[in-house]
Structure formats: structure tokens, C-alpha cells
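**Q** I am attaching a structure below and will ask some questions about it afterwards.
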Amino acid sequence: MSSSGKINVLVVPDLFPGYDGDVQGIFVRDYLTAVEPFCKVSVLFIRLTGAKKGLTVTQEGGATVYRYCFSTTKIPFYLKPFYYWAWFRKGYALRRQIAKPDLVHAHGTILSGTLACRLGKAWQVPAIITEHQGPFTMISDSFWKLAWARRTMQRADAVLTVSDHLRKEILASRIHPKTIHVTHNPVDTALFAQKPDRTYRNILFASRLDVFKGGLRTLKAFQHMAEANPDWKLTMVGDGEEYGAIEAYMRQHPELQSRVYLKGKMTKAEIAREMAEADFFVFPSLHESFGLVVAEAMSCGLPVIATNKTAPKEYISADSGILVPPEDVDAIAGAMQKMIQTHASYSASAIRGAVIERFGFENFGKKLNAIYQSLL
């Protein structure tokens, strides 16, 4: 342990922000902040392509971050197997430049988890893996990915999952870790603060615009009930593969253009400000390993309309929102209509309080620290 009595933890993430405002892997920063009272943290983040080649070491908040990048240009697909082999070699070699930790914590199994287990063995310290993959079929439907994940997870000293749904998917894939804990994800309840007590007549959707997230389905559902609610608008935050389809749909339906606001990609702080000016949040995703943006909306006190499948139903109740079949546009529209009529009856403080209790940094940090202590 460090001289302050804190646990020295090396975090090895698959994703990590590259600059202030970058949302890629931003959830890992939330983990670091949550355990800061108990741990001295270093981060080892290796990627194939990035802005600067080679090794850089920076102090970011309370963490020392070691970044290594192989190339500043895109690597041809036929060379990637060689580079991934080099990824593992470089990660293992970099241990000589990092002070020996008390524990190695990977976010992701196949790349970071494998490296974490190798480093843990070299240093003779525990290695744990937090798995975020949703749906887990992206791993389990591939023979070699599943075999690799099984081998790595069963070698790790502990596996943590961000939902009970994901835990069940892992166990159903005949993977049997030494121990497995459901931790969920931490939520920055200070950034996602309770919204002002007023009505904006504004519905919010915020996410990457991947097809499965439900942006276009949300837009179509809004169209179904827009005429009956002429003073309501829909704000959509995000960018991605479905952005063009959403723009095309609005061109085909010009009556939506004065009622729907496409805001594009935003930082976490900007999304928090959008949530402060919304009355409720809609997120009909087909699958979520946790659904962090839903929990962040609830941290602002917003009632939510979300999928009745996968993880979000573990923490959404009748007191905080409505669960819908995510493929059913009519059901989403019906939930929107009901929420317009009832959103003021939800207790914003109760919705927010439940998030603070389950996912706030203080309690999440204590939970993770207890797991760390049990392994040491």
C-alpha cells in the first residue's frame, strides 16, 4: 500500500478519454473518482492509433496516466493481428516503468483483462475484471472470443459486472469465474444535479445514434403524438450511424422540423445542461449492459421511459418511469402521452435519491473498496 495507507491500483481500460470533454470511456473516470478516497490510482491505456505516437505520462486528477500509441494513422486490417500481438508485448513490457501495484483492475475482458491477468501474475498481485459488454452475445456468439473470455475470466481473481442481467449472460455462457459481483456503474450525481422545479414541455433523448439505441424509433413515436400535444418539443442529443436516417425522416415530414431539435454530439457537462431543461427522458434501447445515460437522467430527477429488456429494468420502478417494448413505436408513443399527463406527479427528489443511494460515488467507492480489501 501507499504511504498514505491507500491501496495502489493499476487500471487497464479498453477505453479511456483522450482529452477534456471526450466521452469515450468517460465512465472509467467515474470509477477513478469514486475510489479516490481509498486508492492511489494509475492507468495504463494502450491503443493502436491515436494523436501522438509512443508513450506519454500525465497527471490527470488524482491519477497517473500512462498512454501508449502505436501509430497516428489508421492501421490496415491485415496488419491488425500483428499489432494486437505487439499490444500485449508492449503492455507487459511497460510494467517495468510502473510502480508495483497492490491490485490490477481491467475494464474489458479480451484485451485489457488478458493483460491484467498477465501483469497480476508477474507482480503476484490480484487481477480483477469489470465487464461492460452488452449484449454479451457479441462475445458468446463467437467461438474464439468466448473461449478467450472464458479462459481469462476464470483466471481472474474476481469478475465484476455492471448489471445482474450481464452476470446471468456470463454464467449462461458456461463461464465460471472464481467469484462474480454485480457492482453496477457509478453515476456523477454532482454533475447530473437535480433540475429546476418547472415545466419546459421538452422531451429528451440522448445517446450515440446507433440503430439499437432507438433514436429513430423515438422520433417516430413523437410524431405519433405530436399533433395532440402542439406545445411539446423533442430534443435529440448524439451522433452516429442513424443521424442521417433521422435527418432524412425529418425532411420527409417537415411538420417535425419546428418541433424536433437535433443537437449532435455533446460533452457530459452539455448533456447535463440539456437534462436540466427537460421534463422527462426517453431511451428505448434494444439492449443495455447498464444504461448509464438513463441513470444520469434519473440523477437529475427526470422520470424515464426505457426498455423493458436487459439492465435498466433493474433500477426503474413505477415511481421513476415507464418500461416499454423497445421495438414498439406505438407503445413508446403511448408512454410519451402518459408521461406528458403525469410527469409532474413524479417525485424528482425521490428519483434522484434512489440513484445517489445505489450509484453515487460515495457508496459506489465503498462497495468497490470492500471488494479490493477482500482480495488483498
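We label chains A, B, ... in the order they appear in the C-alpha cells, count residues from 1 in each chain, and number ligands from 1 in the order shown.
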Excluding Val304 (chain A) and its own-chain neighbours fewer than 2 positions away, which residues fall within 12 Å of it when counting only C-alpha atoms? Please give them as a PyMOL selection string.
**A** chain A and resi 203-206+275+278-284+291+293-302+306-308+312-313+315-324+332+335-336+338-340+342-343+346+348+351-352
**Q** Got a sec: who's within 7 Å of region 218-234 of chain A, counting only C-alpha atoms, leaving out chain neighbours fewer than 6 positions off, as an mmCIF file with N, CA and C atoms, in the first residue's frame?
**A**
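The file below, part-v6.cif, is the result:
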```cif
data_model
loop_
_atom_site.group_PDB
_atom_site.id
_atom_site.type_symbol
_atom_site.label_atom_id
_atom_site.label_comp_id
_atom_site.auth_asym_id
_atom_site.auth_seq_id
_atom_site.Cartn_x
_atom_site.Cartn_y
_atom_site.Cartn_z
ATOM 1 N N ARG A 201 -41.928 21.563 -21.203
ATOM 2 C CA ARG A 201 -42.606 20.918 -22.342
ATOM 3 C C ARG A 201 -41.571 20.415 -23.350
ATOM 4 N N ASN A 202 -40.578 19.735 -22.802
ATOM 5 C CA ASN A 202 -39.452 19.261 -23.606
ATOM 6 C C ASN A 202 -39.149 17.814 -23.245
ATOM 7 N N ILE A 203 -39.120 16.959 -24.259
ATOM 8 C CA ILE A 203 -38.767 15.539 -24.110
ATOM 9 C C ILE A 203 -37.331 15.378 -24.597
ATOM 10 N N LEU A 204 -36.538 14.613 -23.879
ATOM 11 C CA LEU A 204 -35.120 14.479 -24.227
ATOM 12 C C LEU A 204 -34.759 13.039 -24.545
ATOM 13 N N ARG A 259 -40.329 21.312 -34.375
ATOM 14 C CA ARG A 259 -40.641 20.688 -33.080
ATOM 15 C C ARG A 259 -39.521 19.788 -32.564
ATOM 16 N N VAL A 260 -38.590 19.431 -33.441
ATOM 17 C CA VAL A 260 -37.511 18.494 -33.085
ATOM 18 C C VAL A 260 -36.175 19.210 -33.255
ATOM 19 N N TYR A 261 -35.327 19.128 -32.227
ATOM 20 C CA TYR A 261 -34.038 19.812 -32.215
ATOM 21 C C TYR A 261 -32.923 18.770 -32.161
ATOM 22 N N VAL A 329 -43.139 1.139 -31.582
ATOM 23 C CA VAL A 329 -43.243 2.593 -31.669
ATOM 24 C C VAL A 329 -44.548 3.084 -31.053
ATOM 25 N N ASP A 330 -45.641 2.340 -31.270
ATOM 26 C CA ASP A 330 -46.927 2.745 -30.687
ATOM 27 C C ASP A 330 -46.869 2.732 -29.163
ATOM 28 N N ILE A 332 -44.159 3.176 -27.332
ATOM 29 C CA ILE A 332 -43.325 4.307 -26.921
ATOM 30 C C ILE A 332 -44.144 5.596 -26.979
ATOM 31 N N ALA A 333 -44.929 5.774 -28.071
ATOM 32 C CA ALA A 333 -45.775 6.962 -28.199
ATOM 33 C C ALA A 333 -46.812 7.020 -27.082
ATOM 34 N N GLN A 337 -47.277 9.954 -24.254
ATOM 35 C CA GLN A 337 -48.535 10.636 -23.977
ATOM 36 C C GLN A 337 -48.887 10.554 -22.495
#
```
**Q** Could you list, as an MDAnalysis selection string, every residue within 7 Å of Thr161 (chain A), counting only C-alpha atoms and ignoring same-chain residues fewer than 4 positions away?
**A** chainID A and resid 130:132 166:167 181:184
**Q** For the structure I just gave you, how does DSSP split region 94-255 of chain A - specifically, which residues are helix (DSSP H, G or I)? Reply as a PyMOL selection string.
**A** chain A and resi 94-97+112-123+137-140+143-155+164-172+211-213+215-226+243-252+254-255
**Q** Would you put the residues from that selection into a file with C-alpha atoms, as a CSV table (one decimal), in the first residue's frame?
**A**
```csv
chain,number,residue,atom,x,y,z
A,94,LEU,CA,5.6,-1.3,-19.7
A,95,ARG,CA,5.3,-2.9,-16.2
A,96,ARG,CA,9.0,-2.1,-15.7
A,97,GLN,CA,8.1,1.7,-15.8
A,112,SER,CA,-7.4,-5.5,-21.1
A,113,GLY,CA,-8.4,-8.4,-19.0
A,114,THR,CA,-5.8,-10.7,-20.5
A,115,LEU,CA,-3.1,-8.1,-20.0
A,116,ALA,CA,-4.3,-7.5,-16.4
A,117,CYS,CA,-4.1,-11.2,-15.6
A,118,ARG,CA,-0.5,-11.4,-17.0
A,119,LEU,CA,0.5,-8.4,-15.1
A,120,GLY,CA,-1.1,-9.7,-11.9
A,121,LYS,CA,0.8,-12.9,-12.3
A,122,ALA,CA,4.1,-11.1,-12.9
A,123,TRP,CA,3.7,-8.9,-9.9
A,137,THR,CA,-23.7,-12.3,-27.3
A,138,MET,CA,-21.2,-10.1,-29.1
A,139,ILE,CA,-18.6,-12.3,-27.3
A,140,SER,CA,-20.6,-15.5,-26.7
A,143,PHE,CA,-16.3,-19.4,-30.7
A,144,TRP,CA,-12.8,-17.9,-30.3
A,145,LYS,CA,-14.0,-14.8,-28.4
A,146,LEU,CA,-16.0,-17.0,-26.0
A,147,ALA,CA,-13.1,-19.4,-25.5
A,148,TRP,CA,-10.8,-16.5,-24.8
A,149,ALA,CA,-13.2,-14.8,-22.5
A,150,ARG,CA,-13.8,-18.0,-20.6
A,151,ARG,CA,-10.1,-18.6,-20.1
A,152,THR,CA,-9.4,-15.0,-19.0
A,153,MET,CA,-12.4,-14.6,-16.7
A,154,GLN,CA,-11.7,-17.9,-15.0
A,155,ARG,CA,-8.1,-16.9,-14.4
A,164,ASP,CA,-27.4,-8.7,-12.9
A,165,HIS,CA,-28.5,-9.2,-16.5
A,166,LEU,CA,-24.9,-9.3,-17.6
A,167,ARG,CA,-23.9,-11.6,-14.8
A,168,LYS,CA,-26.6,-14.1,-15.9
A,169,GLU,CA,-25.5,-13.8,-19.5
A,170,ILE,CA,-21.9,-14.6,-18.5
A,171,LEU,CA,-22.9,-17.6,-16.4
A,172,ALA,CA,-25.3,-18.9,-19.1
A,211,VAL,CA,-29.6,1.9,-34.5
A,212,PHE,CA,-30.2,-0.3,-31.5
A,213,LYS,CA,-30.3,2.7,-29.2
A,215,GLY,CA,-33.2,7.4,-31.8
A,216,LEU,CA,-35.3,7.0,-34.9
A,217,ARG,CA,-38.0,5.0,-33.0
A,218,THR,CA,-38.2,7.8,-30.5
A,219,LEU,CA,-38.6,10.4,-33.3
A,220,LYS,CA,-41.4,8.3,-34.9
A,221,ALA,CA,-43.1,7.9,-31.6
A,222,PHE,CA,-43.0,11.6,-31.0
A,223,GLN,CA,-44.6,12.2,-34.4
A,224,HIS,CA,-47.5,9.9,-33.5
A,225,MET,CA,-48.4,12.0,-30.5
A,226,ALA,CA,-47.1,15.5,-31.7
A,243,TYR,CA,-28.1,10.5,-37.7
A,244,GLY,CA,-28.5,10.6,-41.5
A,245,ALA,CA,-31.7,8.5,-41.3
A,246,ILE,CA,-33.1,10.8,-38.7
A,247,GLU,CA,-32.4,13.9,-40.8
A,248,ALA,CA,-33.9,12.2,-43.8
A,249,TYR,CA,-37.1,11.3,-41.9
A,250,MET,CA,-37.4,14.9,-40.8
A,251,ARG,CA,-37.1,16.1,-44.4
A,252,GLN,CA,-39.9,13.8,-45.3
A,254,PRO,CA,-41.5,18.9,-42.5
A,255,GLU,CA,-44.0,19.4,-39.7
```
**Q** Can you tell me which residues surround Gly54 (chain A) at a distance of at most 9 Å, considering only C-alpha atoms, apart from same-chain residues fewer than 6 positions away, and format the answer as a list of chain:residue names?
**A** A:Arg67, A:Tyr68, A:Cys69, A:Phe70, A:Ser71
**Q** Restricting the output to N, CA and C atoms, write the selected residues as a short mmCIF file (atom, residue, chain, number, x, y, z; two decimals), in the first residue's frame.
**A**
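Now in part_4.cif:
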```
data_model
loop_
_atom_site.label_atom_id
_atom_site.label_comp_id
_atom_site.auth_asym_id
_atom_site.auth_seq_id
_atom_site.Cartn_x
_atom_site.Cartn_y
_atom_site.Cartn_z
N ARG A 67 -0.12 6.51 -21.29
CA ARG A 67 -0.75 6.25 -22.59
C ARG A 67 0.33 5.80 -23.58
N TYR A 68 0.04 4.72 -24.29
CA TYR A 68 0.96 4.30 -25.35
C TYR A 68 0.16 4.14 -26.63
N CYS A 69 0.66 4.72 -27.72
CA CYS A 69 0.00 4.65 -29.02
C CYS A 69 1.00 4.14 -30.06
N PHE A 70 0.57 3.18 -30.88
CA PHE A 70 1.46 2.59 -31.88
C PHE A 70 1.58 3.43 -33.14
N SER A 71 0.50 4.11 -33.53
CA SER A 71 0.52 4.79 -34.82
C SER A 71 -0.44 5.98 -34.79
#
```
**Q** Calculate how many Å separate CA of Val11 (chain A) from CA of Tyr372 (chain A), rounding to one decimal.
**A**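 Computing it gives 12.6 Å between the two atoms.
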**Q** Which of these, A:Lys195, A:Lys40, A:Lys268, A:Lys367, has the shortest distance to Thr64 (chain A) once you count only C-alpha atoms?
**A**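 When distances to Thr64 (chain A) are compared using only C-alpha atoms, the smallest one comes from A:Lys40.
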**Q** Just want the 12 Å neighbourhood of Gly5 (chain A), counted on only C-alpha atoms, with same-chain residues fewer than 5 positions away dropped. Output as a PyMOL selection string.
**A** chain A and resi 37-40+102
**Q** Could you take the residues named above and write them with N, CA and C atoms, as a PDB file, in the first residue's frame?
**A**
```
ATOM      1  N   PRO A  37     -10.905   8.235  -2.564  1.00  0.00           N
ATOM      2  CA  PRO A  37     -10.680   8.310  -1.112  1.00  0.00           C
ATOM      3  C   PRO A  37      -9.951   7.098  -0.541  1.00  0.00           C
ATOM      4  N   PHE A  38      -9.976   5.975  -1.260  1.00  0.00           N
ATOM      5  CA  PHE A  38      -9.417   4.730  -0.734  1.00  0.00           C
ATOM      6  C   PHE A  38      -8.172   4.258  -1.482  1.00  0.00           C
ATOM      7  N   CYS A  39      -7.958   4.784  -2.685  1.00  0.00           N
ATOM      8  CA  CYS A  39      -6.934   4.210  -3.565  1.00  0.00           C
ATOM      9  C   CYS A  39      -6.040   5.284  -4.187  1.00  0.00           C
ATOM     10  N   LYS A  40      -4.801   4.899  -4.441  1.00  0.00           N
ATOM     11  CA  LYS A  40      -3.902   5.671  -5.287  1.00  0.00           C
ATOM     12  C   LYS A  40      -3.880   4.969  -6.635  1.00  0.00           C
ATOM     13  N   ASP A 102      -0.845  -2.884  -5.773  1.00  0.00           N
ATOM     14  CA  ASP A 102      -1.400  -3.917  -4.902  1.00  0.00           C
ATOM     15  C   ASP A 102      -2.422  -4.764  -5.630  1.00  0.00           C
TER      16      ASP A 102
END
```
**Q** Which residues in region 212-320 of chain A does DSSP call strand (DSSP E or B)? List them as a PDB file with C-alpha atoms, in the first residue's frame.
**A**
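Here's the written file result-v2.pdb:
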```
ATOM      1  CA  LYS A 233     -40.911  19.520 -28.415  1.00  0.00           C
ATOM      2  CA  LEU A 234     -38.331  16.739 -28.718  1.00  0.00           C
ATOM      3  CA  THR A 235     -34.613  17.357 -28.190  1.00  0.00           C
ATOM      4  CA  MET A 236     -32.216  14.727 -29.534  1.00  0.00           C
ATOM      5  CA  VAL A 237     -28.548  14.678 -28.499  1.00  0.00           C
ATOM      6  CA  VAL A 260     -37.511  18.494 -33.085  1.00  0.00           C
ATOM      7  CA  TYR A 261     -34.038  19.812 -32.215  1.00  0.00           C
ATOM      8  CA  LEU A 262     -31.016  17.759 -33.317  1.00  0.00           C
ATOM      9  CA  LYS A 263     -28.117  18.856 -31.121  1.00  0.00           C
ATOM     10  CA  GLY A 264     -25.404  16.456 -32.319  1.00  0.00           C
ATOM     11  CA  PHE A 280     -38.685  13.506 -18.966  1.00  0.00           C
ATOM     12  CA  PHE A 281     -36.189  11.256 -20.725  1.00  0.00           C
ATOM     13  CA  VAL A 282     -36.838   8.638 -23.437  1.00  0.00           C
ATOM     14  CA  PHE A 283     -34.417   5.810 -24.228  1.00  0.00           C
ATOM     15  CA  VAL A 304     -37.785   8.000 -17.733  1.00  0.00           C
ATOM     16  CA  ILE A 305     -39.278   5.892 -20.499  1.00  0.00           C
ATOM     17  CA  ALA A 306     -36.916   2.993 -21.151  1.00  0.00           C
ATOM     18  CA  THR A 307     -36.667  -0.545 -22.427  1.00  0.00           C
TER      19      THR A 307
END
```
**Q** Applying 12 Å and only C-alpha atoms, which residues near region 25-27 of chain A remain after dropping the ones on its own chain fewer than 2 positions away? List them as a ChimeraX atom specification.
**A** /A:12-23,29-34,45,107-108,130,132,162,184-188,267-269,290-293,296,361
